[in-house]
$ cat target_7.csv   # CSV, C-alpha atoms and all ligand atoms
chain,number,residue,atom,x,y,z
A,9,MET,CA,-20.7,-4.8,3.1
A,10,TYR,CA,-17.1,-4.1,2.2
A,11,GLN,CA,-15.6,-7.0,4.1
A,12,VAL,CA,-14.3,-10.1,2.5
A,13,ASN,CA,-16.6,-13.1,2.6
A,14,GLU,CA,-15.9,-16.7,3.7
A,15,GLN,CA,-14.7,-17.6,0.2
A,16,GLY,CA,-12.3,-14.7,0.0
A,17,PHE,CA,-14.4,-12.4,-2.2
A,18,TYR,CA,-15.3,-8.8,-2.1
A,19,GLY,CA,-18.3,-8.8,-4.4
A,20,GLU,CA,-17.1,-10.4,-7.6
A,21,PHE,CA,-13.4,-9.7,-6.9
A,22,GLY,CA,-10.8,-11.6,-4.9
A,23,GLY,CA,-10.6,-15.4,-4.4
A,24,ALA,CA,-7.5,-17.6,-4.6
A,25,TYR,CA,-6.7,-18.5,-8.2
A,26,ILE,CA,-3.5,-20.4,-7.5
A,27,PRO,CA,-1.5,-23.3,-8.9
A,28,GLU,CA,-2.1,-26.6,-7.1
A,29,MET,CA,1.5,-26.4,-5.7
A,30,LEU,CA,0.7,-23.3,-3.7
A,31,HIS,CA,-2.5,-24.7,-2.2
A,32,PRO,CA,-1.0,-26.0,1.0
A,33,ASN,CA,0.7,-22.7,1.9
A,34,ILE,CA,-2.4,-20.6,1.1
A,35,GLU,CA,-4.7,-23.1,2.9
A,36,GLU,CA,-2.5,-23.0,6.0
A,37,LEU,CA,-2.6,-19.3,6.1
A,38,ARG,CA,-6.3,-19.1,5.4
A,39,THR,CA,-7.2,-21.4,8.2
A,40,HIS,CA,-5.0,-19.7,10.8
A,41,TYR,CA,-4.6,-16.0,10.1
A,42,LEU,CA,-7.7,-14.8,11.9
A,43,ASP,CA,-7.2,-16.9,15.0
A,44,ILE,CA,-3.6,-15.7,15.2
A,45,MET,CA,-4.4,-12.1,14.6
A,46,ASN,CA,-7.3,-12.1,17.1
A,47,ASP,CA,-5.2,-13.7,19.8
A,48,ALA,CA,-4.5,-11.3,22.7
A,49,SER,CA,-0.8,-12.2,23.0
A,50,PHE,CA,-0.3,-11.7,19.3
A,51,GLN,CA,-2.0,-8.3,19.4
A,52,ASN,CA,0.1,-7.4,22.5
A,53,GLU,CA,3.3,-8.2,20.7
A,54,PHE,CA,2.1,-6.5,17.4
A,55,ARG,CA,1.1,-3.3,19.2
A,56,LYS,CA,4.3,-3.1,21.2
A,57,LEU,CA,6.4,-3.3,18.1
A,58,LEU,CA,4.2,-0.8,16.3
A,59,ALA,CA,4.8,1.6,19.2
A,60,ASP,CA,8.4,1.1,20.2
A,61,PHE,CA,10.0,-0.1,16.9
A,62,ALA,CA,7.9,1.6,14.2
A,63,GLY,CA,7.1,4.7,16.1
A,64,ARG,CA,3.3,4.7,16.2
A,65,PRO,CA,1.0,6.4,16.6
A,66,THR,CA,2.1,8.7,13.7
A,67,PRO,CA,1.1,12.3,14.1
A,68,LEU,CA,-2.0,13.8,12.4
A,69,TYR,CA,-0.6,17.1,11.4
A,70,TYR,CA,-2.6,20.2,10.6
A,71,ALA,CA,-1.1,21.6,7.4
A,72,ALA,CA,-1.8,25.3,7.8
A,73,ARG,CA,-0.4,26.6,4.6
A,74,LEU,CA,-1.9,23.9,2.3
A,75,SER,CA,-5.2,24.5,4.2
A,76,GLU,CA,-5.1,28.1,3.4
A,77,LYS,CA,-4.3,27.6,-0.2
A,78,TYR,CA,-7.0,24.9,-0.9
A,79,GLY,CA,-9.7,26.4,1.4
A,80,ALA,CA,-10.2,23.4,3.7
A,81,ARG,CA,-8.9,22.0,7.0
A,82,ILE,CA,-6.1,19.7,5.7
A,83,TYR,CA,-4.5,17.2,7.9
A,84,LEU,CA,-1.5,15.0,7.0
A,85,LYS,CA,-1.4,11.5,8.5
A,86,ARG,CA,2.4,11.2,8.9
A,87,GLU,CA,3.1,7.6,7.8
A,88,ASP,CA,6.4,9.1,6.4
A,89,LEU,CA,7.5,9.2,10.0
A,90,CYS,CA,7.3,5.5,10.5
A,91,HIS,CA,10.6,3.6,10.9
A,92,THR,CA,11.9,2.9,7.3
A,93,GLY,CA,9.9,5.8,5.9
A,94,ALA,CA,6.5,4.5,4.9
A,95,HIS,CA,3.4,2.7,6.0
A,96,LYS,CA,4.9,-0.6,4.8
A,97,ILE,CA,6.4,-1.5,8.2
A,98,ASN,CA,2.9,-1.9,9.7
A,99,ASN,CA,2.3,-4.8,7.5
A,100,THR,CA,5.8,-6.4,7.7
A,101,ILE,CA,5.8,-6.4,11.5
A,102,GLY,CA,2.4,-8.1,11.5
A,103,GLN,CA,3.3,-10.7,8.9
A,104,ILE,CA,6.6,-11.7,10.4
A,105,LEU,CA,5.0,-12.2,13.8
A,106,LEU,CA,2.4,-14.3,12.0
A,107,ALA,CA,5.0,-16.3,10.1
A,108,ARG,CA,6.8,-17.1,13.3
A,109,ARG,CA,3.6,-18.4,14.9
A,110,LEU,CA,3.2,-20.6,11.8
A,111,GLY,CA,6.7,-22.0,12.4
A,112,LYS,CA,8.3,-20.5,9.3
A,113,THR,CA,12.0,-19.8,9.3
A,114,ARG,CA,12.7,-18.0,6.0
A,115,ILE,CA,11.1,-14.9,4.5
A,116,ILE,CA,10.7,-13.9,0.8
A,117,ALA,CA,9.2,-10.7,-0.5
A,118,GLU,CA,8.8,-8.7,-3.7
A,119,THR,CA,9.4,-5.0,-3.9
A,120,GLY,CA,8.8,-2.1,-6.4
A,121,ALA,CA,10.2,1.2,-5.0
A,122,GLY,CA,12.1,-0.8,-2.5
A,123,GLN,CA,10.1,0.4,0.5
A,124,HIS,CA,8.5,-2.9,1.1
A,125,GLY,CA,11.8,-4.7,0.6
A,126,VAL,CA,13.4,-2.4,3.1
A,127,ALA,CA,10.5,-2.9,5.6
A,128,THR,CA,10.8,-6.7,5.1
A,129,ALA,CA,14.6,-6.8,5.4
A,130,THR,CA,14.2,-4.7,8.6
A,131,VAL,CA,11.8,-7.0,10.4
A,132,CYS,CA,13.9,-10.0,9.2
A,133,ALA,CA,17.0,-8.5,10.9
A,134,LEU,CA,14.9,-7.8,14.0
A,135,MET,CA,13.8,-11.5,14.2
A,136,GLY,CA,17.0,-13.0,12.9
A,137,MET,CA,15.4,-14.6,9.9
A,138,PRO,CA,17.0,-14.9,6.4
A,139,CYS,CA,15.4,-12.7,3.8
A,140,ILE,CA,15.3,-12.8,0.0
A,141,VAL,CA,13.8,-9.8,-1.9
A,142,TYR,CA,12.8,-10.0,-5.6
A,143,MET,CA,13.1,-6.7,-7.3
A,144,GLY,CA,12.7,-5.8,-11.0
A,145,LYS,CA,16.0,-4.8,-12.6
A,146,THR,CA,14.5,-1.4,-13.7
A,147,ASP,CA,13.6,-0.7,-10.1
A,148,VAL,CA,17.0,-1.8,-8.8
A,149,GLU,CA,18.5,0.9,-11.0
A,150,ARG,CA,16.1,3.7,-10.2
A,151,GLN,CA,15.9,3.0,-6.4
A,152,LYS,CA,19.6,2.5,-5.5
A,153,PRO,CA,19.5,3.8,-2.0
A,154,ASN,CA,16.8,1.3,-1.0
A,155,VAL,CA,18.8,-1.6,-2.6
A,156,ALA,CA,21.8,-0.5,-0.6
A,157,ARG,CA,19.7,-0.4,2.6
A,158,MET,CA,18.3,-3.9,2.0
A,159,ARG,CA,21.8,-5.3,1.5
A,160,LEU,CA,23.1,-3.5,4.6
A,161,LEU,CA,20.3,-5.1,6.6
A,162,GLY,CA,21.4,-8.5,5.5
A,163,ALA,CA,18.8,-9.3,2.8
A,164,GLU,CA,19.6,-10.9,-0.5
A,165,VAL,CA,18.3,-8.8,-3.4
A,166,ILE,CA,17.6,-10.7,-6.6
A,167,PRO,CA,17.1,-8.5,-9.7
A,168,VAL,CA,14.3,-9.8,-12.0
A,169,THR,CA,14.7,-9.2,-15.8
A,170,SER,CA,11.4,-10.5,-17.2
A,171,GLY,CA,8.8,-8.2,-18.6
A,172,ASN,CA,9.3,-4.5,-17.8
A,173,ALA,CA,11.5,-5.7,-15.0
A,174,THR,CA,9.3,-3.9,-12.4
A,175,LEU,CA,6.9,-4.8,-9.6
A,176,LYS,CA,4.6,-7.3,-11.5
A,177,ASP,CA,7.6,-9.3,-12.6
A,178,ALA,CA,9.2,-9.3,-9.1
A,179,THR,CA,5.9,-10.6,-7.7
A,180,ASN,CA,5.8,-13.4,-10.3
A,181,GLU,CA,9.3,-14.5,-9.3
A,182,ALA,CA,8.5,-14.4,-5.5
A,183,MET,CA,5.4,-16.6,-6.1
A,184,ARG,CA,7.5,-19.0,-8.1
A,185,HIS,CA,10.0,-19.2,-5.3
A,186,TRP,CA,7.3,-19.8,-2.7
A,187,ILE,CA,6.0,-22.7,-4.7
A,188,THR,CA,9.3,-24.4,-4.5
A,189,HIS,CA,9.7,-23.8,-0.7
A,190,PRO,CA,6.3,-24.5,0.7
A,191,ASP,CA,7.2,-25.8,4.2
A,192,ASP,CA,9.7,-23.4,5.8
A,193,THR,CA,9.0,-20.1,3.9
A,194,HIS,CA,6.5,-17.3,4.4
A,195,TYR,CA,5.9,-14.9,1.5
A,196,ILE,CA,5.4,-11.4,3.0
A,197,ILE,CA,3.4,-9.7,0.2
A,198,GLY,CA,3.6,-5.9,0.3
A,199,SER,CA,0.1,-4.8,-0.5
A,200,VAL,CA,-3.5,-5.8,-0.4
A,201,VAL,CA,-3.1,-8.0,-3.4
A,202,GLY,CA,-2.5,-11.7,-4.1
A,203,PRO,CA,-4.7,-14.7,-3.3
A,204,HIS,CA,-7.1,-14.7,-0.3
A,205,PRO,CA,-6.3,-14.3,2.6
A,206,PHE,CA,-3.5,-11.8,1.8
A,207,PRO,CA,-5.7,-8.8,0.8
A,208,ASP,CA,-7.7,-9.1,4.0
A,209,MET,CA,-4.7,-9.8,6.2
A,210,VAL,CA,-2.7,-6.8,4.9
A,211,ALA,CA,-5.8,-4.5,5.1
A,212,ARG,CA,-6.2,-5.5,8.7
A,213,PHE,CA,-2.6,-4.8,9.6
A,214,GLN,CA,-2.7,-1.4,7.8
A,215,SER,CA,-6.1,-0.5,9.4
A,216,VAL,CA,-4.2,0.9,12.4
A,217,ILE,CA,-3.9,4.0,10.2
A,218,SER,CA,-7.6,4.8,10.2
A,219,GLU,CA,-8.0,3.6,13.8
A,220,GLU,CA,-5.5,6.3,14.8
A,221,ILE,CA,-7.0,9.0,12.5
A,222,ARG,CA,-10.4,8.5,14.2
A,223,GLU,CA,-8.9,8.9,17.7
A,224,GLN,CA,-6.8,11.9,16.6
A,225,LEU,CA,-9.7,13.7,14.9
A,226,VAL,CA,-11.9,13.3,18.1
A,227,ARG,CA,-9.2,15.2,19.9
A,228,LYS,CA,-8.6,17.8,17.2
A,229,GLU,CA,-12.0,18.3,15.6
A,230,GLY,CA,-14.4,16.9,18.3
A,231,ASN,CA,-15.6,14.0,16.2
A,232,PRO,CA,-14.0,11.1,14.4
A,233,TYR,CA,-15.4,11.9,10.9
A,234,PRO,CA,-13.4,13.7,8.3
A,235,ASP,CA,-15.2,14.9,5.1
A,236,TYR,CA,-12.5,13.4,2.9
A,237,VAL,CA,-9.8,10.8,3.2
A,238,ILE,CA,-7.4,10.9,0.2
A,239,ALA,CA,-4.7,8.3,-0.5
A,240,CYS,CA,-2.6,7.1,-3.5
A,241,VAL,CA,-3.2,3.6,-4.8
A,242,GLY,CA,-0.6,1.3,-6.1
A,243,GLY,CA,-1.7,-2.2,-4.9
A,244,GLY,CA,-3.8,-0.2,-2.4
A,245,SER,CA,-2.5,-1.0,1.1
A,246,ASN,CA,-2.0,2.6,2.4
A,247,ALA,CA,-5.4,3.5,1.0
A,248,ALA,CA,-7.0,0.4,2.5
A,249,GLY,CA,-5.5,1.3,5.9
A,250,ALA,CA,-6.6,4.9,5.7
A,251,PHE,CA,-10.1,4.0,4.5
A,252,TYR,CA,-10.7,0.9,6.6
A,253,HIS,CA,-12.5,2.3,9.6
A,254,PHE,CA,-14.5,4.7,7.5
A,255,LEU,CA,-15.9,2.3,4.9
A,256,GLU,CA,-19.2,2.0,6.7
A,257,ASP,CA,-19.5,5.8,7.3
A,258,GLU,CA,-20.9,6.6,4.0
A,259,HIS,CA,-20.8,10.4,4.6
A,260,VAL,CA,-17.0,10.3,4.7
A,261,GLN,CA,-15.8,10.7,1.1
A,262,LEU,CA,-13.0,8.4,0.2
A,263,ILE,CA,-10.7,9.2,-2.7
A,264,GLY,CA,-8.1,6.9,-4.2
A,265,VAL,CA,-5.5,8.3,-6.6
A,266,GLU,CA,-3.9,6.2,-9.3
A,267,ALA,CA,-0.8,7.0,-11.4
A,268,ALA,CA,-1.7,8.3,-14.9
A,269,GLY,CA,1.9,8.2,-15.9
A,270,LYS,CA,2.4,10.2,-19.2
A,271,GLY,CA,-1.4,10.6,-19.5
A,272,LEU,CA,-4.4,8.2,-19.4
A,273,ASP,CA,-4.5,8.0,-23.2
A,274,SER,CA,-0.8,7.8,-23.7
A,275,GLY,CA,-0.4,4.1,-23.4
A,276,HIS,CA,2.1,4.7,-20.6
A,277,SER,CA,0.3,4.7,-17.3
A,278,ALA,CA,-0.7,2.6,-14.3
A,279,ALA,CA,-4.2,3.8,-13.8
A,280,THR,CA,-5.8,0.3,-13.4
A,281,LEU,CA,-9.3,1.3,-12.4
A,282,ALA,CA,-9.6,4.0,-15.1
A,283,LEU,CA,-8.3,1.7,-17.8
A,284,GLY,CA,-8.6,-1.9,-16.6
A,285,LYS,CA,-11.1,-4.7,-17.0
A,286,PRO,CA,-11.7,-7.7,-14.7
A,287,GLY,CA,-9.1,-10.4,-15.0
A,288,ILE,CA,-6.8,-12.6,-12.9
A,289,LEU,CA,-3.4,-11.4,-11.6
A,290,HIS,CA,-1.2,-12.8,-8.9
A,291,GLY,CA,-3.8,-15.2,-7.6
A,292,CYS,CA,-6.9,-13.0,-7.4
A,293,LYS,CA,-9.7,-11.7,-9.6
A,294,THR,CA,-9.4,-8.0,-9.8
A,295,MET,CA,-9.4,-5.1,-12.2
A,296,LEU,CA,-6.4,-5.3,-14.5
A,297,MET,CA,-4.8,-3.4,-17.3
A,298,GLN,CA,-4.9,-5.7,-20.3
A,299,THR,CA,-5.0,-6.0,-24.0
A,300,ASP,CA,-8.2,-7.0,-25.9
A,301,ASP,CA,-7.0,-10.6,-25.8
A,302,GLY,CA,-6.3,-10.6,-22.1
A,303,GLN,CA,-2.5,-10.0,-22.0
A,304,VAL,CA,-1.4,-8.0,-19.1
A,305,THR,CA,-0.3,-4.5,-20.2
A,306,GLU,CA,3.0,-3.3,-19.0
A,307,PRO,CA,2.4,-0.4,-16.6
A,308,TYR,CA,4.3,2.8,-16.4
A,309,SER,CA,4.7,5.5,-13.7
A,310,VAL,CA,7.5,7.7,-12.6
A,311,SER,CA,6.8,6.3,-9.2
A,312,ALA,CA,8.0,2.7,-8.8
A,313,GLY,CA,5.6,2.0,-6.0
A,314,LEU,CA,2.6,2.7,-8.2
A,315,ASP,CA,3.9,1.0,-11.3
A,316,TYR,CA,1.6,-2.0,-11.1
A,317,PRO,CA,-1.0,-3.2,-13.7
A,318,GLY,CA,-3.5,-4.5,-11.1
A,319,VAL,CA,-5.1,-3.3,-7.8
A,320,GLY,CA,-6.2,-5.1,-4.7
A,321,PRO,CA,-9.6,-6.8,-5.0
A,322,LEU,CA,-11.1,-4.7,-2.2
A,323,HIS,CA,-10.4,-1.6,-4.3
A,324,ALA,CA,-11.9,-3.2,-7.4
A,325,HIS,CA,-15.0,-3.7,-5.3
A,326,LEU,CA,-15.0,-0.2,-3.8
A,327,PHE,CA,-14.7,1.1,-7.4
A,328,LYS,CA,-17.5,-1.1,-8.7
A,329,THR,CA,-19.9,-0.1,-5.8
A,330,GLY,CA,-18.9,3.5,-6.0
A,331,ARG,CA,-18.0,3.7,-2.4
A,332,VAL,CA,-14.6,5.1,-3.3
A,333,THR,CA,-14.0,7.7,-6.0
A,334,PHE,CA,-10.9,7.0,-8.0
A,335,MET,CA,-9.0,9.8,-9.7
A,336,SER,CA,-5.6,9.9,-11.3
A,337,ALA,CA,-2.6,12.1,-11.6
A,338,THR,CA,0.2,12.2,-14.2
A,339,ASP,CA,3.9,12.1,-13.5
A,340,GLU,CA,4.1,15.8,-14.1
A,341,GLU,CA,1.2,16.7,-11.8
A,342,ALA,CA,2.6,14.5,-9.1
A,343,LEU,CA,6.1,16.0,-9.3
A,344,ARG,CA,4.6,19.5,-9.1
A,345,ALA,CA,2.5,18.5,-6.1
A,346,GLY,CA,5.5,16.9,-4.4
A,347,LEU,CA,7.5,20.1,-4.9
A,348,GLU,CA,4.6,22.2,-3.5
A,349,VAL,CA,4.3,20.1,-0.3
A,350,SER,CA,8.1,20.3,0.1
A,351,ARG,CA,8.1,24.1,-0.2
A,352,MET,CA,4.8,24.8,1.7
A,353,GLU,CA,5.0,22.4,4.5
A,354,GLY,CA,8.7,21.4,4.8
A,355,ILE,CA,7.9,17.8,4.1
A,356,ILE,CA,9.3,16.0,1.0
A,357,PRO,CA,6.7,13.3,0.1
A,358,ALA,CA,7.5,10.1,-1.7
A,359,LEU,CA,6.6,10.3,-5.4
A,360,GLU,CA,3.8,7.8,-4.7
A,361,THR,CA,2.3,10.0,-2.1
A,362,ALA,CA,2.7,13.1,-4.3
A,363,HIS,CA,0.0,11.6,-6.6
A,364,ALA,CA,-2.5,12.0,-3.7
A,365,PHE,CA,-1.6,15.7,-3.3
A,366,ALA,CA,-2.0,16.3,-7.0
A,367,VAL,CA,-5.8,16.0,-6.8
A,368,LEU,CA,-6.2,18.8,-4.2
A,369,ASN,CA,-6.6,21.4,-7.0
A,370,LYS,CA,-9.2,19.2,-8.8
A,371,LEU,CA,-11.6,19.0,-5.8
A,372,GLU,CA,-14.0,21.7,-4.7
A,373,PHE,CA,-14.0,21.9,-0.9
A,374,GLU,CA,-16.2,23.8,1.4
A,375,LYS,CA,-14.4,26.1,3.8
A,376,ASP,CA,-14.9,23.9,6.9
A,377,ASP,CA,-14.3,20.5,5.2
A,378,VAL,CA,-11.9,18.3,7.1
A,379,VAL,CA,-9.5,16.6,4.6
A,380,VAL,CA,-7.1,13.9,5.7
A,381,MET,CA,-4.2,13.2,3.3
A,382,ASN,CA,-2.5,9.9,3.9
A,383,LEU,CA,1.1,10.9,3.7
A,384,SER,CA,2.2,7.3,2.9
A,385,GLY,CA,6.0,7.8,2.8
A,386,ARG,CA,8.9,10.2,2.6
A,387,GLY,CA,10.7,11.2,-0.5
A,388,ASP,CA,14.4,10.5,0.3
A,389,LYS,CA,14.4,7.6,-2.1
A,390,ASP,CA,13.1,9.9,-4.9
A,391,LEU,CA,15.6,12.8,-4.6
A,392,GLU,CA,17.3,11.9,-7.9
A,393,THR,CA,14.0,11.9,-9.8
A,394,TYR,CA,12.9,15.2,-8.2
A,395,SER,CA,16.3,16.8,-8.8
A,396,LYS,CA,16.4,15.9,-12.4
A,397,TRP,CA,12.9,17.2,-12.9
A,398,ILE,CA,13.6,20.6,-11.2
A,401,LIG,C1,4.6,1.1,-1.7
A,401,LIG,C2,4.2,2.5,-1.5
A,401,LIG,C3,2.9,2.9,-2.0
A,401,LIG,C4,2.0,2.0,-2.9
A,401,LIG,O1,1.6,0.9,-2.3
A,401,LIG,P1,0.1,0.7,-1.7
A,401,LIG,O2,0.0,-0.7,-1.4
A,401,LIG,O3,-0.8,1.2,-2.7
A,401,LIG,O4,0.1,1.6,-0.5
A,401,LIG,C5,2.5,4.2,-1.8
A,401,LIG,N1,3.3,5.1,-1.1
A,401,LIG,C6,4.5,4.7,-0.6
A,401,LIG,C7,5.3,5.7,0.2
A,401,LIG,C8,5.0,3.4,-0.8
A,401,LIG,O5,6.2,3.1,-0.3
$ encode --input "target_7.csv" --output "structure tokens"
Amino acid sequence: MYQVNEQGFYGEFGGAYIPEMLHPNIEELRTHYLDIMNDASFQNEFRKLLADFAGRPTPLYYAARLSEKYGARIYLKREDLCHTGAHKINNTIGQILLARRLGKTRIIAETGAGQHGVATATVCALMGMPCIVYMGKTDVERQKPNVARMRLLGAEVIPVTSGNATLKDATNEAMRHWITHPDDTHYIIGSVVGPHPFPDMVARFQSVISEEIREQLVRKEGNPYPDYVIACVGGGSNAAGAFYHFLEDEHVQLIGVEAAGKGLDSGHSAATLALGKPGILHGCKTMLMQTDDGQVTEPYSVSAGLDYPGVGPLHAHLFKTGRVTFMSATDEEALRAGLEVSRMEGIIPALETAHAFAVLNKLEFEKDDVVVMNLSGRGDKDLETYSKWI
């Protein structure tokens, strides 16, 4: 019910709305991705790298102090402990292995906070493949440590100056580059966005998160079902991974948290599902923040990884069907929640992740509710922002 269909749609959302020039690349990917991903030797290679290179399985940590404060049994899925500091590496390992099997020799990527750029530069170094990362100039300035990391790893970082010079603009440039290098290049997209089959492919690579949560909960709680899974939503890949194996278990409440920026009504936010309407962005039909005449609205969030005017088509469908409840948190609420997690649990979360924690005080839990927070990444890259705010 929540899986993509043959045409690449989740309900009314998804598809592949692409220029003619991209058709060969997308078609090649579409016809091969499932065969490659289901191949035993591919899975073997993928699982080995997830374990030995990325550090999986990541722990499911019982957060005693947060649990006491919010009156529930709160577990943190520690994607922040993945190599390179976020869930992004799950997807980049998968995609680079797939690119190799398709005979590709160059990799391009877009990045917002720089986490996806770093994860891509990392696997390119691992495989000895050249890597170009497009990054909005605004993000280049606010995420300096990650820019330095990418360059150290051997990637070429290209600052993009169009629009707000953030993630949307970087994605446009990466797509443009791909069109002009159709034969030898794979575009490692960083979230469950873009034309079919990217959303489905990325969701499958990230689904290892909920696969592990189920196994870990059996050991810790005696059954695989939490009462809630909560994750922040930029494009939606960490949320898709954390929700994936619970989508059909309707008694598990799934909550996605968007960035409300300076407030939902402020004109400065990135809360796509709260504010958007159906439209087409980066090759797929999805919910999209736009003006009355259909121009994409420039998004805003203190967190570069959530600063995107669209959302993956899977989430648009989950919103429409009501399977997932979407909430939002402002910059201020996220910063406060990030500080709280730092001081109560000794874990500094990424600003993206902090948005997920910011809804804990808006929910009413029963005492024995099991709540899984997807701790999508660590906050090292955000120290400057946190410090200024304190
Ligand atoms: C990139 C990023 C996000 C947002 O991307 P999704 O595709 O929505 O997961 C969230 N958290 C962290 C730590 C990130 O690096």
$ atom_distance --input "target_7.csv" --atom1 "atom CA of Ile166 of chain A" --atom2 "atom CA of Val141 of chain A"
6.1 Å
$ residues_near_ligand --input "target_7.csv" --ligand "ligand LIG 401 (chain A)" --cutoff "7 Å" --atoms "all atoms listed in the file" --output "number ranges by chain"
A: 94-96, 121, 123-124, 198-200, 240-247, 313-314, 358, 360-361, 384-386
$ atom_distance --input "target_7.csv" --atom1 "atom CA of Tyr142 of chain A" --atom2 "atom CA of Asn98 of chain A"
19.9 Å
$ residues_around --input "target_7.csv" --residues "Glu372 of chain A" --least-positions-apart "4" --cutoff "9 Å" --atoms "only C-alpha atoms" --output "ChimeraX atom specification"
/A:78-79,368
$ closest_residue --input "target_7.csv" --among "A:Val237, A:Ala59, A:Val201, A:Val12" --to "Lys293 of chain A" --atoms "all atoms listed in the file"
A:Val201
$ closest_residue --input "target_7.csv" --among "A:Thr113, A:Gln51, A:Ser311, A:Asn231" --to "Lys389 of chain A" --atoms "all atoms listed in the file"
A:Ser311
$ residues_around --input "target_7.csv" --residues "segment 297-309 of chain A" --least-positions-apart "2" --cutoff "6 Å" --atoms "all atoms listed in the file" --output "compact mmCIF listing (two decimals) with C-alpha atoms, in the frame of the given file"
# COMPACT_ATOMS: atom_id res chain seq x y z
CA GLY A 269 1.90 8.20 -15.90
CA HIS A 276 2.10 4.70 -20.60
CA SER A 277 0.30 4.70 -17.30
CA ALA A 278 -0.70 2.60 -14.30
CA THR A 280 -5.80 0.30 -13.40
CA GLY A 284 -8.60 -1.90 -16.60
CA SER A 311 6.80 6.30 -9.20
CA ASP A 315 3.90 1.00 -11.30
CA TYR A 316 1.60 -2.00 -11.10
CA PRO A 317 -1.00 -3.20 -13.70
$ closest_residue --input "target_7.csv" --among "A:Arg159, A:Lys375, A:Lys176, A:Lys152" --to "Gly318 of chain A" --atoms "all atoms listed in the file"
A:Lys176
$ residues_around --input "target_7.csv" --residues "Ala362 of chain A" --least-positions-apart "6" --cutoff "8 Å" --atoms "only C-alpha atoms" --output "VMD selection string"
chain A and resid 342 to 343 345 to 346
$ closest_residue --input "target_7.csv" --among "A:Ser350, A:His189, A:Asp388, A:Cys90" --to "Ala71 of chain A" --atoms "all atoms listed in the file"
A:Ser350
